[in-house]
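Source file: upload-v1.cif. Holds: mmCIF, C-alpha atoms.
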```
data_work
loop_
_atom_site.label_atom_id
_atom_site.label_comp_id
_atom_site.auth_asym_id
_atom_site.auth_seq_id
_atom_site.Cartn_x
_atom_site.Cartn_y
_atom_site.Cartn_z
CA MET A 1 112.00 -1.33 -31.81
CA PRO A 2 109.17 -3.39 -33.39
CA ASP A 3 109.47 -4.39 -37.01
CA ALA A 4 107.69 -2.23 -39.55
CA PRO A 5 104.24 -3.56 -40.55
CA ALA A 6 104.30 -5.94 -43.48
CA PRO A 7 102.87 -4.60 -46.73
CA PRO A 8 99.30 -5.64 -47.55
CA SER A 9 100.03 -7.95 -50.48
CA PRO A 10 101.90 -10.76 -48.64
CA LEU A 11 99.00 -11.02 -46.19
CA LEU A 12 96.49 -11.61 -48.97
CA ARG A 13 98.77 -14.20 -50.57
CA HIS A 14 98.37 -16.59 -47.66
CA PRO A 15 96.46 -19.60 -49.10
CA GLY A 16 92.84 -19.70 -48.02
CA LEU A 17 92.75 -16.24 -46.40
CA VAL A 18 90.49 -14.69 -49.05
CA ALA A 19 88.09 -17.64 -48.85
CA VAL A 20 88.01 -17.49 -45.03
CA ILE A 21 87.26 -13.80 -44.73
CA GLY A 22 85.00 -13.84 -47.81
CA ALA A 23 82.82 -16.63 -46.43
CA ARG A 24 82.60 -14.88 -43.06
CA ALA A 25 81.64 -11.59 -44.71
CA LEU A 26 78.95 -13.20 -46.87
CA SER A 27 77.48 -15.01 -43.89
CA ALA A 28 77.47 -11.74 -41.95
CA PHE A 29 75.84 -9.95 -44.88
CA ALA A 30 73.05 -12.52 -44.98
CA GLY A 31 72.59 -12.28 -41.23
CA GLN A 32 72.28 -8.50 -41.34
CA VAL A 33 69.74 -8.55 -44.18
CA GLN A 34 67.78 -11.16 -42.26
CA ALA A 35 67.94 -9.13 -39.02
CA VAL A 36 66.43 -6.07 -40.71
CA ALA A 37 63.68 -8.12 -42.36
CA VAL A 38 62.87 -10.13 -39.24
CA GLY A 39 62.86 -7.09 -36.96
CA TRP A 40 60.66 -5.04 -39.25
CA GLN A 41 58.32 -7.95 -40.06
CA VAL A 42 57.86 -9.02 -36.43
CA TYR A 43 57.16 -5.45 -35.31
CA ALA A 44 54.75 -4.95 -38.22
CA LEU A 45 52.92 -8.14 -37.26
CA THR A 46 52.82 -7.54 -33.50
CA HIS A 47 53.57 -3.83 -32.75
CA SER A 48 55.21 -5.14 -29.57
CA ALA A 49 58.59 -4.32 -28.03
CA ALA A 50 58.43 -7.61 -26.15
CA ALA A 51 58.04 -9.48 -29.47
CA LEU A 52 61.35 -8.01 -30.64
CA GLY A 53 62.89 -9.27 -27.42
CA PHE A 54 61.56 -12.76 -28.08
CA VAL A 55 63.42 -12.79 -31.41
CA GLY A 56 66.65 -12.46 -29.45
CA LEU A 57 65.52 -15.12 -26.98
CA ALA A 58 64.77 -17.53 -29.83
CA GLN A 59 68.40 -17.23 -30.94
CA PHE A 60 69.83 -17.30 -27.43
CA LEU A 61 68.25 -20.52 -26.14
CA PRO A 62 69.69 -22.82 -28.85
CA MET A 63 73.07 -21.15 -28.32
CA VAL A 64 73.01 -22.07 -24.64
CA ALA A 65 71.79 -25.59 -25.35
CA PHE A 66 74.33 -26.53 -28.02
CA ILE A 67 77.38 -24.30 -27.72
CA PHE A 68 79.47 -26.59 -25.48
CA PRO A 69 78.85 -29.78 -27.52
CA ALA A 70 79.56 -27.65 -30.62
CA GLY A 71 82.94 -26.59 -29.23
CA HIS A 72 83.85 -30.19 -28.46
CA ALA A 73 82.76 -31.22 -31.96
CA ALA A 74 84.98 -28.51 -33.46
CA ASP A 75 87.98 -29.96 -31.62
CA GLN A 76 87.17 -33.57 -32.57
CA HIS A 77 85.86 -33.42 -36.13
CA ASN A 78 86.53 -31.71 -39.45
CA ARG A 79 85.89 -28.03 -38.76
CA GLN A 80 85.46 -27.17 -42.42
CA ARG A 81 82.67 -29.73 -42.89
CA ILE A 82 80.89 -28.48 -39.77
CA VAL A 83 80.82 -24.92 -41.13
CA VAL A 84 79.68 -25.99 -44.61
CA THR A 85 76.86 -28.11 -43.13
CA CYS A 86 75.63 -25.22 -40.98
CA GLN A 87 75.72 -22.74 -43.87
CA THR A 88 73.77 -25.19 -46.03
CA ILE A 89 71.04 -25.51 -43.38
CA GLU A 90 70.93 -21.71 -43.11
CA LEU A 91 70.52 -21.56 -46.89
CA LEU A 92 67.53 -23.93 -46.74
CA ALA A 93 65.94 -22.08 -43.81
CA ALA A 94 66.28 -18.71 -45.56
CA ALA A 95 64.79 -20.18 -48.74
CA PHE A 96 61.80 -21.45 -46.74
CA MET A 97 61.33 -18.01 -45.13
CA ALA A 98 61.33 -16.47 -48.60
CA TYR A 99 58.72 -18.95 -49.87
CA ALA A 100 56.51 -18.49 -46.80
CA SER A 101 56.73 -14.70 -47.12
CA PHE A 102 55.90 -14.69 -50.82
CA THR A 103 52.87 -16.90 -50.13
CA HIS A 104 51.82 -14.82 -47.07
CA GLN A 105 52.11 -17.78 -44.70
CA LEU A 106 54.91 -16.52 -42.46
CA ASN A 107 53.73 -15.43 -39.00
CA ALA A 108 55.54 -14.40 -35.81
CA THR A 109 55.51 -17.92 -34.32
CA MET A 110 57.06 -19.39 -37.47
CA ILE A 111 59.70 -16.66 -37.46
CA TYR A 112 60.66 -17.53 -33.87
CA GLY A 113 61.07 -21.18 -34.85
CA LEU A 114 63.17 -20.41 -37.91
CA VAL A 115 65.31 -17.95 -35.95
CA ALA A 116 65.92 -20.76 -33.43
CA ILE A 117 67.21 -22.91 -36.32
CA PHE A 118 69.63 -20.15 -37.26
CA GLY A 119 70.70 -19.90 -33.62
CA THR A 120 71.43 -23.63 -33.54
CA CYS A 121 73.47 -23.44 -36.73
CA LYS A 122 75.47 -20.49 -35.43
CA ALA A 123 76.20 -22.43 -32.23
CA PHE A 124 78.02 -25.08 -34.28
CA GLU A 125 79.32 -22.83 -37.06
CA MET A 126 81.09 -20.08 -35.15
CA PRO A 127 83.41 -22.09 -32.84
CA ALA A 128 84.69 -24.01 -35.87
CA GLN A 129 84.91 -20.95 -38.12
CA GLN A 130 86.87 -18.90 -35.58
CA THR A 131 89.69 -21.45 -35.64
CA PHE A 132 90.42 -20.90 -39.35
CA LEU A 133 92.35 -17.63 -39.20
CA PRO A 134 95.14 -18.64 -36.79
CA SER A 135 95.61 -21.80 -38.88
CA ILE A 136 96.34 -19.68 -41.98
CA VAL A 137 98.43 -16.68 -40.88
CA PRO A 138 101.42 -16.54 -38.49
CA PRO A 139 101.03 -14.79 -35.10
CA ALA A 140 103.00 -11.73 -36.25
CA LEU A 141 100.39 -11.02 -38.92
CA PHE A 142 97.35 -12.11 -36.93
CA PRO A 143 96.34 -8.60 -35.71
CA ARG A 144 96.45 -7.27 -39.29
CA ALA A 145 94.58 -10.30 -40.61
CA THR A 146 91.95 -9.83 -37.93
CA ALA A 147 91.58 -6.16 -38.83
CA LEU A 148 91.26 -7.02 -42.53
CA SER A 149 88.65 -9.67 -41.75
CA SER A 150 86.82 -7.18 -39.55
CA SER A 151 86.92 -4.58 -42.35
CA LEU A 152 85.23 -6.93 -44.83
CA PHE A 153 82.83 -8.05 -42.11
CA GLN A 154 81.84 -4.43 -41.54
CA VAL A 155 81.46 -3.78 -45.27
CA ALA A 156 78.98 -6.65 -45.29
CA SER A 157 77.35 -5.27 -42.17
CA ILE A 158 76.90 -1.90 -43.87
CA ALA A 159 75.60 -3.30 -47.14
CA GLY A 160 73.32 -5.79 -45.38
CA PRO A 161 71.17 -3.36 -43.37
CA SER A 162 71.15 -0.80 -46.20
CA LEU A 163 69.97 -3.30 -48.80
CA GLY A 164 67.70 -4.97 -46.26
CA GLY A 165 65.92 -1.70 -45.54
CA LEU A 166 65.58 -0.90 -49.24
CA LEU A 167 64.55 -4.38 -50.35
CA TYR A 168 62.00 -4.74 -47.55
CA GLY A 169 59.91 -2.24 -49.47
CA LEU A 170 59.63 -4.94 -52.15
CA GLY A 171 58.65 -7.52 -49.56
CA ALA A 172 60.32 -9.59 -46.87
CA GLY A 173 60.55 -12.51 -49.30
CA VAL A 174 63.02 -10.56 -51.44
CA CYS A 175 65.26 -10.05 -48.40
CA TYR A 176 65.16 -13.71 -47.45
CA SER A 177 65.90 -14.75 -51.04
CA LEU A 178 69.05 -12.62 -50.98
CA CYS A 179 70.00 -14.27 -47.68
CA ALA A 180 69.64 -17.73 -49.23
CA ILE A 181 71.90 -16.79 -52.17
CA SER A 182 74.54 -15.34 -49.81
CA PHE A 183 74.56 -18.44 -47.60
CA ALA A 184 74.98 -20.59 -50.71
CA ILE A 185 78.06 -18.64 -51.87
CA ALA A 186 79.50 -18.67 -48.34
CA ALA A 187 79.14 -22.45 -48.19
CA LEU A 188 80.94 -22.82 -51.52
CA ALA A 189 83.76 -20.51 -50.37
CA THR A 190 84.19 -22.47 -47.15
CA TRP A 191 84.23 -25.76 -49.05
CA SER A 192 86.98 -24.42 -51.33
CA MET A 193 89.38 -23.60 -48.49
CA VAL A 194 92.57 -25.60 -47.97
CA ILE A 195 93.44 -25.53 -44.27
CA THR A 196 96.17 -27.55 -42.64
CA SER A 197 96.35 -27.91 -38.87
CA PRO A 198 98.29 -30.17 -36.53
CA ALA A 199 96.72 -33.49 -35.55
CA ARG A 200 94.45 -33.09 -32.53
CA PRO A 201 94.15 -35.74 -29.81
CA ARG A 202 90.83 -37.58 -29.77
CA GLN A 203 88.74 -37.31 -26.61
CA ARG A 204 85.53 -38.97 -25.57
CA ALA A 205 82.59 -36.66 -25.06
CA THR A 206 82.78 -36.65 -21.27
CA LEU A 207 81.57 -33.71 -19.21
CA ALA A 208 85.16 -32.76 -18.47
CA ALA A 209 86.03 -32.78 -22.17
CA VAL A 210 82.89 -30.93 -23.34
CA PHE A 211 83.29 -28.21 -20.71
CA GLY A 212 87.07 -28.11 -21.05
CA GLY A 213 86.95 -24.56 -22.38
CA ILE A 214 85.60 -23.26 -19.07
CA ALA A 215 88.32 -25.04 -17.10
CA PHE A 216 90.93 -23.60 -19.46
CA LEU A 217 89.63 -20.04 -19.05
CA ARG A 218 89.61 -20.33 -15.27
CA ARG A 219 93.38 -20.73 -15.51
CA LYS A 220 93.63 -17.69 -17.83
CA PRO A 221 92.25 -14.66 -15.93
CA THR A 222 93.38 -12.14 -18.55
CA MET A 223 91.50 -13.98 -21.29
CA LEU A 224 88.47 -14.49 -19.04
CA GLY A 225 88.45 -10.79 -18.19
CA ALA A 226 88.41 -9.77 -21.86
CA ILE A 227 85.59 -12.15 -22.74
CA SER A 228 83.43 -11.29 -19.74
CA LEU A 229 83.96 -7.54 -20.21
CA ASP A 230 82.54 -7.76 -23.71
CA LEU A 231 79.74 -9.96 -22.39
CA PHE A 232 78.43 -7.29 -20.06
CA ALA A 233 79.09 -4.43 -22.47
CA VAL A 234 77.01 -6.09 -25.20
CA LEU A 235 74.41 -7.43 -22.75
CA LEU A 236 73.78 -4.05 -21.16
CA GLY A 237 74.34 -1.92 -24.26
CA GLY A 238 71.78 -3.71 -26.45
CA ALA A 239 70.54 -0.59 -28.20
CA THR A 240 70.33 -2.28 -31.61
CA ALA A 241 67.35 -4.38 -30.50
CA MET A 242 65.34 -1.19 -30.09
CA LEU A 243 66.17 0.26 -33.51
CA PRO A 244 62.76 -0.58 -35.08
CA ILE A 245 61.08 1.33 -32.23
CA PHE A 246 63.48 4.29 -32.44
CA ALA A 247 63.14 4.43 -36.23
CA THR A 248 59.33 4.31 -36.09
CA ASP A 249 58.21 6.06 -32.90
CA ILE A 250 61.07 8.37 -31.87
CA LEU A 251 62.96 9.36 -35.02
CA HIS A 252 59.87 8.97 -37.27
CA ALA A 253 61.76 7.29 -40.12
CA GLY A 254 60.63 4.41 -42.31
CA PRO A 255 62.41 1.23 -43.40
CA TRP A 256 65.19 3.33 -44.93
CA GLY A 257 65.78 4.91 -41.53
CA LEU A 258 65.99 1.53 -39.87
CA GLY A 259 68.48 0.39 -42.48
CA LEU A 260 70.59 3.51 -41.92
CA LEU A 261 70.56 3.06 -38.16
CA ARG A 262 71.54 -0.60 -38.47
CA ALA A 263 74.34 0.32 -40.87
CA ALA A 264 75.75 3.10 -38.67
CA PRO A 265 77.67 0.87 -36.18
CA ALA A 266 79.20 -0.98 -39.11
CA ILE A 267 80.27 2.28 -40.75
CA GLY A 268 82.12 3.33 -37.63
CA ALA A 269 83.58 -0.15 -37.21
CA LEU A 270 84.75 -0.20 -40.83
CA LEU A 271 86.61 3.09 -40.45
CA VAL A 272 88.38 1.96 -37.29
CA ALA A 273 89.11 -1.52 -38.68
CA ALA A 274 90.57 -0.02 -41.85
CA VAL A 275 92.94 2.10 -39.77
CA LEU A 276 93.92 -0.88 -37.61
CA ALA A 277 94.56 -3.04 -40.69
CA ARG A 278 97.33 -0.63 -41.68
CA HIS A 279 98.37 0.48 -38.19
CA PRO A 280 97.68 -2.23 -35.58
CA LEU A 281 97.53 -1.43 -31.91
CA GLY A 282 101.02 -1.02 -30.54
CA ARG A 283 101.59 -0.67 -26.82
CA HIS A 284 99.01 -0.80 -24.02
CA ALA A 285 96.40 -2.96 -25.80
CA GLY A 286 94.61 -3.65 -22.50
CA ARG A 287 94.16 0.04 -21.73
CA TRP A 288 92.84 0.60 -25.24
CA MET A 289 90.27 -2.14 -24.65
CA PHE A 290 88.96 -0.59 -21.43
CA ALA A 291 88.84 2.86 -23.05
CA SER A 292 86.92 1.51 -26.03
CA VAL A 293 84.28 -0.17 -23.83
CA ALA A 294 83.85 3.09 -21.89
CA VAL A 295 83.32 4.98 -25.16
CA PHE A 296 80.81 2.28 -26.15
CA GLY A 297 78.83 3.00 -22.98
CA VAL A 298 78.87 6.79 -23.41
CA ALA A 299 77.77 6.52 -27.05
CA THR A 300 74.90 4.22 -26.00
CA ILE A 301 73.68 6.79 -23.47
CA LEU A 302 73.81 9.66 -25.97
CA PHE A 303 72.00 7.56 -28.57
CA GLY A 304 69.22 6.86 -26.08
CA PHE A 305 68.66 10.58 -25.44
CA SER A 306 68.83 11.59 -29.11
CA HIS A 307 65.76 12.68 -31.08
CA SER A 308 67.77 13.54 -34.21
CA ILE A 309 68.50 10.85 -36.76
CA ALA A 310 71.85 12.53 -37.58
CA VAL A 311 72.97 12.45 -33.94
CA SER A 312 71.65 8.90 -33.54
CA VAL A 313 73.60 7.70 -36.57
CA LEU A 314 76.75 9.41 -35.30
CA MET A 315 76.46 7.83 -31.85
CA LEU A 316 75.88 4.39 -33.34
CA ALA A 317 78.92 4.86 -35.59
CA ILE A 318 81.08 5.79 -32.58
CA LEU A 319 79.67 2.81 -30.71
CA GLY A 320 80.60 0.49 -33.59
CA GLY A 321 84.10 1.91 -33.92
CA ALA A 322 84.78 1.46 -30.22
CA ASP A 323 83.58 -2.12 -30.37
CA VAL A 324 86.18 -3.04 -33.02
CA VAL A 325 89.06 -2.27 -30.66
CA SER A 326 87.57 -4.50 -27.98
CA VAL A 327 86.88 -7.28 -30.49
CA MET A 328 90.46 -7.17 -31.80
CA VAL A 329 92.05 -7.46 -28.35
CA ARG A 330 89.69 -10.24 -27.30
CA GLY A 331 90.19 -12.12 -30.57
CA ALA A 332 93.97 -12.05 -30.28
CA LEU A 333 93.82 -13.28 -26.69
CA VAL A 334 91.43 -16.13 -27.48
CA GLN A 335 93.03 -17.38 -30.69
CA LEU A 336 96.74 -16.79 -30.02
CA GLY A 337 96.60 -17.66 -26.34
CA THR A 338 94.83 -21.01 -26.90
CA PRO A 339 96.48 -24.21 -28.23
CA ASP A 340 94.91 -25.56 -31.43
CA GLU A 341 93.43 -28.63 -29.76
CA MET A 342 91.44 -26.35 -27.42
CA ARG A 343 90.45 -23.59 -29.84
CA GLY A 344 87.02 -25.02 -30.62
CA ARG A 345 85.97 -25.30 -26.99
CA VAL A 346 87.44 -21.95 -25.95
CA SER A 347 85.84 -20.32 -28.99
CA ALA A 348 82.56 -21.93 -27.89
CA VAL A 349 82.79 -20.24 -24.50
CA ASN A 350 83.69 -17.00 -26.27
CA MET A 351 80.62 -17.41 -28.46
CA LEU A 352 78.42 -18.10 -25.44
CA PHE A 353 79.73 -15.02 -23.67
CA ILE A 354 79.78 -12.72 -26.68
CA GLY A 355 77.66 -14.11 -29.50
CA SER A 356 74.71 -15.12 -27.37
CA SER A 357 74.94 -11.92 -25.33
CA ASN A 358 73.77 -10.07 -28.43
CA GLN A 359 70.55 -12.08 -28.44
CA LEU A 360 70.18 -12.06 -24.65
CA GLY A 361 70.88 -8.33 -24.71
CA GLU A 362 68.06 -7.90 -27.23
CA PHE A 363 65.74 -9.85 -24.94
CA GLU A 364 66.82 -7.81 -21.90
CA SER A 365 66.37 -4.52 -23.78
CA GLY A 366 62.98 -5.60 -25.11
CA MET A 367 61.73 -6.50 -21.65
CA LEU A 368 63.06 -3.29 -20.11
CA ALA A 369 61.57 -1.22 -22.92
CA ALA A 370 58.19 -2.87 -22.42
CA VAL A 371 58.29 -1.84 -18.74
CA MET A 372 59.99 1.58 -18.72
CA GLY A 373 60.12 2.64 -22.38
CA PRO A 374 62.89 2.33 -24.99
CA VAL A 375 64.78 5.53 -24.07
CA ALA A 376 65.14 4.62 -20.39
CA ALA A 377 66.11 1.05 -21.28
CA VAL A 378 68.92 2.14 -23.61
CA VAL A 379 70.27 4.84 -21.27
CA LEU A 380 70.25 2.48 -18.30
CA GLY A 381 72.19 -0.06 -20.36
CA GLY A 382 74.86 2.50 -21.23
CA VAL A 383 75.26 3.50 -17.58
CA GLY A 384 75.59 -0.16 -16.64
CA THR A 385 78.36 -0.59 -19.23
CA LEU A 386 80.38 2.23 -17.64
CA VAL A 387 79.94 0.74 -14.17
CA VAL A 388 81.11 -2.70 -15.34
CA THR A 389 84.14 -1.15 -17.06
CA GLY A 390 85.28 0.43 -13.82
CA ILE A 391 84.77 -2.77 -11.81
CA TRP A 392 86.61 -4.94 -14.38
CA MET A 393 89.64 -2.64 -14.35
CA GLY A 394 90.07 -3.54 -10.69
CA LEU A 395 89.19 -7.24 -10.99
CA PHE A 396 91.50 -8.03 -13.92
CA PRO A 397 94.80 -6.11 -13.57
CA GLY A 398 96.48 -8.48 -16.03
CA LEU A 399 94.10 -7.35 -18.77
CA ARG A 400 94.67 -3.72 -17.88
CA LYS A 401 98.44 -4.24 -18.19
CA LEU A 402 98.28 -6.21 -21.48
CA ASP A 403 100.82 -4.77 -23.93
CA ARG A 404 101.47 -5.92 -27.53
CA LEU A 405 98.98 -8.27 -29.19
CA GLU A 406 101.60 -9.88 -31.45
CA ASP A 407 103.50 -11.05 -28.37
CA ILE A 408 100.60 -13.15 -27.08
CA THR A 409 101.32 -16.87 -26.86
CA THR A 410 99.82 -19.80 -24.96
CA ASP A 411 102.47 -19.20 -22.28
CA THR A 412 102.06 -15.44 -21.82
CA VAL A 413 98.37 -15.21 -20.86
#
```

How does the structure come out when it is put into structure tokens?
Amino acid sequence: MPDAPAPPSPLLRHPGLVAVIGARALSAFAGQVQAVAVGWQVYALTHSAAALGFVGLAQFLPMVAFIFPAGHAADQHNRQRIVVTCQTIELLAAAFMAYASFTHQLNATMIYGLVAIFGTCKAFEMPAQQTFLPSIVPPALFPRATALSSSLFQVASIAGPSLGGLLYGLGAGVCYSLCAISFAIAALATWSMVITSPARPRQRATLAAVFGGIAFLRRKPTMLGAISLDLFAVLLGGATAMLPIFATDILHAGPWGLGLLRAAPAIGALLVAAVLARHPLGRHAGRWMFASVAVFGVATILFGFSHSIAVSVLMLAILGGADVVSVMVRGALVQLGTPDEMRGRVSAVNMLFIGSSNQLGEFESGMLAAVMGPVAAVVLGGVGTLVVTGIWMGLFPGLRKLDRLEDITTDTV
């Protein structure tokens, strides 16, 4: 019989844990506020679905260009300093966006350029940041720590869109100012962390070293299956890119409606993450992952057909809750199944597959919506997610048979 879950207090007493999850939550909060402001401002300036897609493309291209060197840098240099540097640049970029908005100088082209800067920073920030948690908590507590981190992340993701939608009525500059303040506090929290990790071997920046994460994943089909499954689910189910159009033209809501729609996935994710923080997944984690991605696809389809804001919010909440289960399984596989000296590069591949797929999914949804309309684009994406889920169950039997997350080690996947 498995041991009973540890009470919450010892988990929070691990040195650095509060700073790690707090900095991540603040950075997420700033990103969500920015996403609402950028989406609404770009659509107000252009009235173009394709323009919303180009916002995602502006984030995706720097991710592709820099993610592999960023992963190598995370395995060779001080990860904490990398994250602090990136958050400081994000602070300066958000402050400039606020100034340019207050002075009515910010246009769509400038927004694309600044979003590309954020994409570059995230390419270097996330692979380093994702290595913090397994360096702080033992494997037995990692699923609970991940759920707790996800809970705070979702709180930030709820507050961000809600405040972003409300504050946009006062002007985009107010939103960007709040982003700058949040990035500043996140940088200070990251700087305050005390993280100890084993010495990592130094490697020259050869092609084999930089792309070592891909070679590692090719030897780990279960891990590769989890990452690629989420890639296609997020890529095809990119309904969030169309939220400004649904809020304006289909649901006939204003900025408050957009904020509510953006907050809905986080509300569902928060509820599920809160449950998993107290009661982590037990047996059959792989089956739970496949089931959650299937629910994600069904909720995407129903959201696309909805003309009621209540139904739309409910479907987005279900979508967000299902995503948490998938994220938890994938996170445990990537972080616990990877040796410390490889975590930066493997996290970089994970970011390329998952993080950038959000932006590429926005671009794909924007292009499809421009051709066939937003409803058809979203529904088609949901159907595609279901098809991929079925195919992946056959291609990756090891992932389907994955059992307890706490038993994952570098030798078991």

Original post:
Applied to the shown file, which residues does the PyMOL selection byres ((chain A and resi 68-76) around 7) return, written as a ChimeraX atom specification?
Top reply: /A:66-67,77-79,123-124,127-128,202,210-211,341-342,344-345,347-348

For the selection just defined, write its residues with C-alpha atoms to a file, as a CSV table (one decimal), keeping the file's coordinate frame.
```csv
chain,number,residue,atom,x,y,z
A,66,PHE,CA,74.3,-26.5,-28.0
A,67,ILE,CA,77.4,-24.3,-27.7
A,77,HIS,CA,85.9,-33.4,-36.1
A,78,ASN,CA,86.5,-31.7,-39.4
A,79,ARG,CA,85.9,-28.0,-38.8
A,123,ALA,CA,76.2,-22.4,-32.2
A,124,PHE,CA,78.0,-25.1,-34.3
A,127,PRO,CA,83.4,-22.1,-32.8
A,128,ALA,CA,84.7,-24.0,-35.9
A,202,ARG,CA,90.8,-37.6,-29.8
A,210,VAL,CA,82.9,-30.9,-23.3
A,211,PHE,CA,83.3,-28.2,-20.7
A,341,GLU,CA,93.4,-28.6,-29.8
A,342,MET,CA,91.4,-26.4,-27.4
A,344,GLY,CA,87.0,-25.0,-30.6
A,345,ARG,CA,86.0,-25.3,-27.0
A,347,SER,CA,85.8,-20.3,-29.0
A,348,ALA,CA,82.6,-21.9,-27.9
```

Subject >> Spatial neighbours of Val33 of chain A, 8 Å, all atoms listed in the file, chain gap at least 2 places, as a PyMOL selection string >> reply: chain A and resi 29-31+35-37+160-161+163-165+175-176+178-179

Ref. answer, residues at most 8 Å from (98.2, -3.5, -29.9) with only C-alpha atoms, as an mmCIF file with C-alpha atoms, keeping the file's coordinate frame:
```cif
data_model
loop_
_atom_site.group_PDB
_atom_site.id
_atom_site.type_symbol
_atom_site.label_atom_id
_atom_site.label_comp_id
_atom_site.auth_asym_id
_atom_site.auth_seq_id
_atom_site.Cartn_x
_atom_site.Cartn_y
_atom_site.Cartn_z
ATOM 1 C CA PRO A 143 96.340 -8.600 -35.710
ATOM 2 C CA PRO A 280 97.680 -2.230 -35.580
ATOM 3 C CA LEU A 281 97.530 -1.430 -31.910
ATOM 4 C CA GLY A 282 101.020 -1.020 -30.540
ATOM 5 C CA ARG A 283 101.590 -0.670 -26.820
ATOM 6 C CA HIS A 284 99.010 -0.800 -24.020
ATOM 7 C CA ALA A 285 96.400 -2.960 -25.800
ATOM 8 C CA VAL A 329 92.050 -7.460 -28.350
ATOM 9 C CA ASP A 403 100.820 -4.770 -23.930
ATOM 10 C CA ARG A 404 101.470 -5.920 -27.530
ATOM 11 C CA LEU A 405 98.980 -8.270 -29.190
ATOM 12 C CA GLU A 406 101.600 -9.880 -31.450
#
```

Subject >> Among listed residues A:Gly268, A:Gly398, A:Gly297, A:Gly337, nearest Ser151 of chain A (using all atoms listed in the file) >> reply: A:Gly268

**OP:** Give me, please, the distance in Å between atom CA of Trp40 of chain A and atom CA of Val83 of chain A, quoted to one decimal.
**Re:**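 Atom CA of Val83 of chain A lies at a distance of 28.4 Å from atom CA of Trp40 of chain A.
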
Subject >> Residue with smallest distance to Leu26 of chain A - pool A:Val42, A:Ile158, A:Ala98, A:Leu141, counting all atoms listed in the file >> reply: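 Among the listed residues, A:Ile158 lies closest to Leu26 of chain A.
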
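Each of A:Leu170, A:Cys121, A:Ala226, A:Leu261 was compared to Leu399 of chain A using only C-alpha atoms, and A:Ala226 turns out to be the nearest.
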
**OP:** Find the residues near segment 359-375 of chain A: any atom within 10 Å, counting all atoms listed in the file, skip ones fewer than 2 places away on the same chain, and give them as JSON, numbers by chain.
**Re:** {"A": [48, 49, 50, 51, 52, 53, 54, 55, 56, 57, 58, 59, 60, 61, 63, 119, 231, 232, 233, 234, 235, 236, 237, 238, 239, 240, 241, 242, 243, 245, 246, 249, 250, 301, 303, 304, 305, 306, 354, 355, 356, 357, 377, 378, 379, 380, 381]}

Output for the residues just chosen: C-alpha atoms as an mmCIF file, keeping the file's coordinate frame:
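Heads up, here's the output in part27.cif:
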```cif
data_model
loop_
_atom_site.group_PDB
_atom_site.id
_atom_site.type_symbol
_atom_site.label_atom_id
_atom_site.label_comp_id
_atom_site.auth_asym_id
_atom_site.auth_seq_id
_atom_site.Cartn_x
_atom_site.Cartn_y
_atom_site.Cartn_z
ATOM 1 C CA SER A 48 55.210 -5.140 -29.570
ATOM 2 C CA ALA A 49 58.590 -4.320 -28.030
ATOM 3 C CA ALA A 50 58.430 -7.610 -26.150
ATOM 4 C CA ALA A 51 58.040 -9.480 -29.470
ATOM 5 C CA LEU A 52 61.350 -8.010 -30.640
ATOM 6 C CA GLY A 53 62.890 -9.270 -27.420
ATOM 7 C CA PHE A 54 61.560 -12.760 -28.080
ATOM 8 C CA VAL A 55 63.420 -12.790 -31.410
ATOM 9 C CA GLY A 56 66.650 -12.460 -29.450
ATOM 10 C CA LEU A 57 65.520 -15.120 -26.980
ATOM 11 C CA ALA A 58 64.770 -17.530 -29.830
ATOM 12 C CA GLN A 59 68.400 -17.230 -30.940
ATOM 13 C CA PHE A 60 69.830 -17.300 -27.430
ATOM 14 C CA LEU A 61 68.250 -20.520 -26.140
ATOM 15 C CA MET A 63 73.070 -21.150 -28.320
ATOM 16 C CA GLY A 119 70.700 -19.900 -33.620
ATOM 17 C CA LEU A 231 79.740 -9.960 -22.390
ATOM 18 C CA PHE A 232 78.430 -7.290 -20.060
ATOM 19 C CA ALA A 233 79.090 -4.430 -22.470
ATOM 20 C CA VAL A 234 77.010 -6.090 -25.200
ATOM 21 C CA LEU A 235 74.410 -7.430 -22.750
ATOM 22 C CA LEU A 236 73.780 -4.050 -21.160
ATOM 23 C CA GLY A 237 74.340 -1.920 -24.260
ATOM 24 C CA GLY A 238 71.780 -3.710 -26.450
ATOM 25 C CA ALA A 239 70.540 -0.590 -28.200
ATOM 26 C CA THR A 240 70.330 -2.280 -31.610
ATOM 27 C CA ALA A 241 67.350 -4.380 -30.500
ATOM 28 C CA MET A 242 65.340 -1.190 -30.090
ATOM 29 C CA LEU A 243 66.170 0.260 -33.510
ATOM 30 C CA ILE A 245 61.080 1.330 -32.230
ATOM 31 C CA PHE A 246 63.480 4.290 -32.440
ATOM 32 C CA ASP A 249 58.210 6.060 -32.900
ATOM 33 C CA ILE A 250 61.070 8.370 -31.870
ATOM 34 C CA ILE A 301 73.680 6.790 -23.470
ATOM 35 C CA PHE A 303 72.000 7.560 -28.570
ATOM 36 C CA GLY A 304 69.220 6.860 -26.080
ATOM 37 C CA PHE A 305 68.660 10.580 -25.440
ATOM 38 C CA SER A 306 68.830 11.590 -29.110
ATOM 39 C CA ILE A 354 79.780 -12.720 -26.680
ATOM 40 C CA GLY A 355 77.660 -14.110 -29.500
ATOM 41 C CA SER A 356 74.710 -15.120 -27.370
ATOM 42 C CA SER A 357 74.940 -11.920 -25.330
ATOM 43 C CA ALA A 377 66.110 1.050 -21.280
ATOM 44 C CA VAL A 378 68.920 2.140 -23.610
ATOM 45 C CA VAL A 379 70.270 4.840 -21.270
ATOM 46 C CA LEU A 380 70.250 2.480 -18.300
ATOM 47 C CA GLY A 381 72.190 -0.060 -20.360
#
```
